[in-house]
Amino acid sequence: MGKRGMALVCFILLMVCTAATGSAESRKINIYMDKEAMLAGDVDAADIRVRPEGEVRVTRHSLYPWDEEGSRFSVFVELENTGDEKIVIDTDWLYACGKDREEIDSASYIFDNTTNVIAPGEKLLLFAGGYPYAEGKRRDSDAKLDPQTVEGMSDFARRIRQAKLLRVRLEVRGDESSQVWPREEIDAKAWIEDGTIYFETTNDSDEAAEYRSVGVIISDKEGRIVDVLREYLSTGATIEPGAALTASKALAPYVTEEMLEGMTLETFAYRIPKK
């Protein structure tokens, strides 16, 4: 998978973060989802298994082939924290599995997310395949990769075609971690024009606004997640007093006009706490 090249760097960063926050004990959450239900975007009719039970539930999921051959895919999984403490996601995997849950293959560090810290009752979105960042805002770690191995999960697409189930595996920590990115309401505009998603917000306060993550989720009239635009701290999600943050990117290739009829644009923001 294209993002496997990031694994060593991410592992080193994880070790640094762990050292900084103490010896926080990690655990695994495994989520099994039927591929056909994901293609239909139908959570209510899906057989979704979460192990262990009680920490998270899947509120929405979508899987989109980019073409008839299924040469590339985008996947979206929205999770709600149903437990009593915050969840910090450190590492992620995507597994292609057969009907008896046997593993066909896996890819690590494949997901981006709206946040990696969710408080009880809050949600986050994991997404892979559709590159979320604005034009000209690729992360330094991605700039060295062939964009086609990141976008559409082309290296893993054959395994997705073979799969009956997709399994998301997360390595997480809880309240023992010091990480916190509070979600807040943001006064922002989002719109789609000529095949491009736009986002704009202005900082009307007297202090700089520093966000870990800010952007917009696009859903169709049935609530199925279609695409995401996100700005991340390292790509410029800091807004000086009186300044504006604007971002845009082309919609994913599979997005049609029919998908966008009656669509919903949901803005989100997770702030870096002031010291």
# chains A, B, ... in the order shown; residues from 1 in each chain; ligands from 1
call {"tool": "residues_around", "arguments": {"residues": "range 172-183 of chain A", "least_positions_apart": "5", "cutoff": "7 Å", "atoms": "only C-alpha atoms", "output": "PyMOL selection string"}}
result
chain A and resi 21+24-28+85-90+117+269-273
call {"tool": "residues_around", "arguments": {"residues": "Ala237 in chain A", "least_positions_apart": "3", "cutoff": "10 Å", "atoms": "only C-alpha atoms", "output": "PyMOL selection string"}}
result
chain A and resi 209-215+230-234+245-247+269+271
call {"tool": "closest_residue", "arguments": {"among": "A:Ile110, A:Thr256, A:Ala244, A:Phe127", "to": "Asp204 in chain A", "atoms": "only C-alpha atoms"}}
result
A:Ala244
call {"tool": "closest_residue", "arguments": {"among": "A:Leu170, A:Val75, A:Ile197, A:Val43", "to": "Gly130 in chain A", "atoms": "only C-alpha atoms"}}
result
A:Val75
call {"tool": "residues_around", "arguments": {"residues": "Gly262 in chain A", "least_positions_apart": "4", "cutoff": "9 Å", "atoms": "only C-alpha atoms", "output": "list in words"}}
result
Ser219, Asp220, Lys221, Glu222 and Glu258 of chain A
call {"tool": "write_last_selection", "arguments": {"atoms": "C-alpha atoms", "output": "mmCIF file, in the first residue's frame"}}
result
data_model
loop_
_atom_site.group_PDB
_atom_site.id
_atom_site.type_symbol
_atom_site.label_atom_id
_atom_site.label_comp_id
_atom_site.auth_asym_id
_atom_site.auth_seq_id
_atom_site.Cartn_x
_atom_site.Cartn_y
_atom_site.Cartn_z
ATOM 1 C CA SER A 219 -23.087 13.740 2.491
ATOM 2 C CA ASP A 220 -25.799 12.836 0.000
ATOM 3 C CA LYS A 221 -29.525 13.191 0.689
ATOM 4 C CA GLU A 222 -29.574 9.730 2.308
ATOM 5 C CA GLU A 258 -26.994 12.857 -8.757
#
call {"tool": "residues_around", "arguments": {"residues": "Leu126 in chain A", "least_positions_apart": "3", "cutoff": "12 Å", "atoms": "only C-alpha atoms", "output": "number ranges by chain"}}
result
A: 58-63, 74-80, 89, 91-94, 109-117, 123, 129-130, 132, 168-170, 217, 225, 227-228, 230
call {"tool": "write_last_selection", "arguments": {"atoms": "N, CA, C and O atoms", "output": "compact mmCIF listing (two decimals), in the first residue's frame"}}
result
# COMPACT_ATOMS: atom_id res chain seq x y z
N VAL A 58 -20.47 2.16 14.85
CA VAL A 58 -20.40 2.74 13.50
C VAL A 58 -21.73 3.43 13.21
O VAL A 58 -22.78 2.78 13.22
N THR A 59 -21.70 4.72 12.97
CA THR A 59 -22.92 5.48 12.69
C THR A 59 -23.16 5.65 11.19
O THR A 59 -24.31 5.76 10.77
N ARG A 60 -22.08 5.67 10.40
CA ARG A 60 -22.21 5.72 8.94
C ARG A 60 -20.98 5.07 8.32
O ARG A 60 -19.89 5.11 8.89
N HIS A 61 -21.18 4.46 7.16
CA HIS A 61 -20.02 3.98 6.40
C HIS A 61 -20.35 3.98 4.92
O HIS A 61 -21.51 3.85 4.51
N SER A 62 -19.32 4.17 4.10
CA SER A 62 -19.47 4.18 2.64
C SER A 62 -18.21 3.60 2.02
O SER A 62 -17.11 3.75 2.55
N LEU A 63 -18.41 2.94 0.87
CA LEU A 63 -17.29 2.44 0.07
C LEU A 63 -17.61 2.74 -1.39
O LEU A 63 -18.68 2.36 -1.88
N SER A 74 -12.52 4.56 -2.41
CA SER A 74 -12.51 5.44 -1.24
C SER A 74 -13.41 4.80 -0.18
O SER A 74 -14.45 4.22 -0.51
N VAL A 75 -13.00 4.91 1.08
CA VAL A 75 -13.77 4.33 2.18
C VAL A 75 -13.93 5.36 3.28
O VAL A 75 -13.00 6.13 3.56
N PHE A 76 -15.13 5.42 3.86
CA PHE A 76 -15.45 6.35 4.96
C PHE A 76 -16.12 5.55 6.08
O PHE A 76 -17.06 4.80 5.83
N VAL A 77 -15.65 5.74 7.30
CA VAL A 77 -16.23 5.07 8.46
C VAL A 77 -16.37 6.10 9.59
O VAL A 77 -15.36 6.62 10.07
N GLU A 78 -17.60 6.41 9.97
CA GLU A 78 -17.85 7.35 11.06
C GLU A 78 -18.11 6.58 12.34
O GLU A 78 -18.95 5.68 12.38
N LEU A 79 -17.38 6.94 13.39
CA LEU A 79 -17.47 6.25 14.67
C LEU A 79 -17.96 7.20 15.75
O LEU A 79 -17.58 8.38 15.78
N GLU A 80 -18.79 6.68 16.65
CA GLU A 80 -19.22 7.42 17.83
C GLU A 80 -18.62 6.77 19.07
O GLU A 80 -18.64 5.55 19.21
N ILE A 89 -6.75 7.71 19.22
CA ILE A 89 -6.33 6.74 18.20
C ILE A 89 -4.87 7.01 17.84
O ILE A 89 -4.51 8.10 17.40
N THR A 91 -2.84 4.34 16.06
CA THR A 91 -2.46 3.60 14.86
C THR A 91 -3.70 2.98 14.24
O THR A 91 -4.64 2.63 14.96
N ASP A 92 -3.71 2.83 12.90
CA ASP A 92 -4.86 2.23 12.24
C ASP A 92 -4.40 1.20 11.20
O ASP A 92 -3.30 1.29 10.67
N TRP A 93 -5.28 0.24 10.95
CA TRP A 93 -5.07 -0.77 9.91
C TRP A 93 -6.40 -0.98 9.17
O TRP A 93 -7.47 -0.82 9.76
N LEU A 94 -6.31 -1.36 7.91
CA LEU A 94 -7.47 -1.83 7.16
C LEU A 94 -7.16 -3.22 6.65
O LEU A 94 -6.13 -3.44 6.01
N TYR A 109 -1.57 2.44 8.62
CA TYR A 109 -1.48 3.89 8.45
C TYR A 109 -2.17 4.34 7.17
O TYR A 109 -1.66 5.16 6.41
N ILE A 110 -3.35 3.81 6.92
CA ILE A 110 -4.04 4.08 5.66
C ILE A 110 -5.07 5.19 5.79
O ILE A 110 -5.44 5.83 4.80
N PHE A 111 -5.53 5.46 7.01
CA PHE A 111 -6.63 6.41 7.20
C PHE A 111 -6.13 7.81 7.57
O PHE A 111 -5.17 7.97 8.32
N ASP A 112 -6.82 8.81 7.05
CA ASP A 112 -6.82 10.15 7.63
C ASP A 112 -8.06 10.23 8.52
O ASP A 112 -8.90 9.34 8.52
N ASN A 113 -8.19 11.31 9.30
CA ASN A 113 -9.34 11.44 10.18
C ASN A 113 -9.66 12.89 10.46
O ASN A 113 -8.83 13.78 10.26
N THR A 114 -10.90 13.14 10.87
CA THR A 114 -11.26 14.49 11.26
C THR A 114 -10.61 14.86 12.58
O THR A 114 -10.32 16.03 12.83
N THR A 115 -10.40 13.89 13.45
CA THR A 115 -9.65 14.06 14.69
C THR A 115 -9.19 12.69 15.14
O THR A 115 -9.71 11.67 14.67
N ASN A 116 -8.21 12.64 16.03
CA ASN A 116 -7.81 11.34 16.58
C ASN A 116 -8.16 11.23 18.07
O ASN A 116 -7.82 10.25 18.72
N VAL A 117 -8.85 12.24 18.61
CA VAL A 117 -9.26 12.23 20.01
C VAL A 117 -10.76 12.51 20.07
O VAL A 117 -11.22 13.58 19.67
N LYS A 123 -18.19 12.14 17.76
CA LYS A 123 -17.92 11.29 16.61
C LYS A 123 -16.63 11.74 15.92
O LYS A 123 -16.20 12.89 16.04
N GLY A 129 -8.42 6.91 0.65
CA GLY A 129 -8.65 6.85 -0.79
C GLY A 129 -8.87 8.20 -1.41
O GLY A 129 -8.28 8.53 -2.44
N GLY A 130 -9.74 9.02 -0.83
CA GLY A 130 -9.97 10.37 -1.33
C GLY A 130 -9.06 11.33 -0.61
O GLY A 130 -9.18 11.52 0.61
N PRO A 132 -7.77 14.39 1.15
CA PRO A 132 -8.62 15.44 1.70
C PRO A 132 -8.07 16.86 1.63
O PRO A 132 -8.79 17.81 1.89
N VAL A 168 -11.59 -2.78 10.24
CA VAL A 168 -10.79 -1.66 10.71
C VAL A 168 -10.25 -2.02 12.08
O VAL A 168 -11.01 -2.43 12.97
N ARG A 169 -8.96 -1.88 12.25
CA ARG A 169 -8.32 -2.17 13.54
C ARG A 169 -7.64 -0.89 14.03
O ARG A 169 -6.87 -0.27 13.29
N LEU A 170 -7.96 -0.50 15.25
CA LEU A 170 -7.42 0.73 15.82
C LEU A 170 -6.66 0.41 17.09
O LEU A 170 -7.12 -0.36 17.93
N ILE A 217 -17.49 17.93 5.66
CA ILE A 217 -17.87 16.58 5.23
C ILE A 217 -19.07 16.72 4.30
O ILE A 217 -20.04 17.40 4.63
N ILE A 225 -21.82 9.43 3.43
CA ILE A 225 -20.67 10.32 3.27
C ILE A 225 -20.07 10.13 1.89
O ILE A 225 -19.82 9.01 1.45
N ASP A 227 -17.50 12.68 0.40
CA ASP A 227 -16.15 13.19 0.26
C ASP A 227 -15.84 14.09 1.45
O ASP A 227 -16.74 14.46 2.22
N VAL A 228 -14.57 14.46 1.60
CA VAL A 228 -14.11 15.29 2.71
C VAL A 228 -13.06 16.28 2.21
O VAL A 228 -12.19 15.93 1.40
N ARG A 230 -10.28 18.73 4.15
CA ARG A 230 -9.75 19.01 5.48
C ARG A 230 -8.47 19.81 5.39
O ARG A 230 -7.63 19.58 4.51
call {"tool": "residues_around", "arguments": {"residues": "range 200-203 of chain A", "least_positions_apart": "3", "cutoff": "9 Å", "atoms": "only C-alpha atoms", "output": "ChimeraX atom specification"}}
result
/A:186-190,206-209,215,239-248
call {"tool": "atom_distance", "arguments": {"atom1": "CA of Pro52 in chain A", "atom2": "CA of Asn30 in chain A"}}
result
7.2 Å
call {"tool": "atom_distance", "arguments": {"atom1": "CA of Ile104 in chain A", "atom2": "CA of Ser154 in chain A"}}
result
16.1 Å
call {"tool": "closest_residue", "arguments": {"among": "A:Ala37, A:Val226, A:Val216, A:Ala107", "to": "Glu261 in chain A", "atoms": "only C-alpha atoms"}}
result
A:Val226
call {"tool": "select_by_dssp", "arguments": {"residues": "range 56-162 of chain A", "states": "strand (DSSP E)", "output": "PyMOL selection string"}}
result
chain A and resi 56-65+73-81+87-97+103-108+112-113+117-118+123-128
call {"tool": "closest_residue", "arguments": {"among": "A:Glu266, A:Asp67, A:Glu53, A:Glu103", "to": "Lys164 in chain A", "atoms": "only C-alpha atoms"}}
result
A:Glu103
call {"tool": "residues_around", "arguments": {"residues": "Glu122 in chain A", "least_positions_apart": "3", "cutoff": "8 Å", "atoms": "only C-alpha atoms", "output": "number ranges by chain"}}
result
A: 80-81, 118-119
call {"tool": "write_last_selection", "arguments": {"atoms": "N, CA and C atoms", "output": "mmCIF file, in the first residue's frame"}}
result
data_model
loop_
_atom_site.group_PDB
_atom_site.id
_atom_site.type_symbol
_atom_site.label_atom_id
_atom_site.label_comp_id
_atom_site.auth_asym_id
_atom_site.auth_seq_id
_atom_site.Cartn_x
_atom_site.Cartn_y
_atom_site.Cartn_z
ATOM 1 N N GLU A 80 -18.786 6.682 16.649
ATOM 2 C CA GLU A 80 -19.217 7.421 17.828
ATOM 3 C C GLU A 80 -18.622 6.769 19.072
ATOM 4 N N ASN A 81 -18.080 7.584 19.968
ATOM 5 C CA ASN A 81 -17.568 7.094 21.236
ATOM 6 C C ASN A 81 -18.750 6.834 22.171
ATOM 7 N N ILE A 118 -11.538 11.544 20.561
ATOM 8 C CA ILE A 118 -12.987 11.744 20.653
ATOM 9 C C ILE A 118 -13.460 11.573 22.099
ATOM 10 N N ALA A 119 -14.211 12.564 22.550
ATOM 11 C CA ALA A 119 -14.795 12.530 23.888
ATOM 12 C C ALA A 119 -16.036 11.646 23.868
#
call {"tool": "atom_distance", "arguments": {"atom1": "CA of Ala250 in chain A", "atom2": "CA of Met153 in chain A"}}
result
17.4 Å
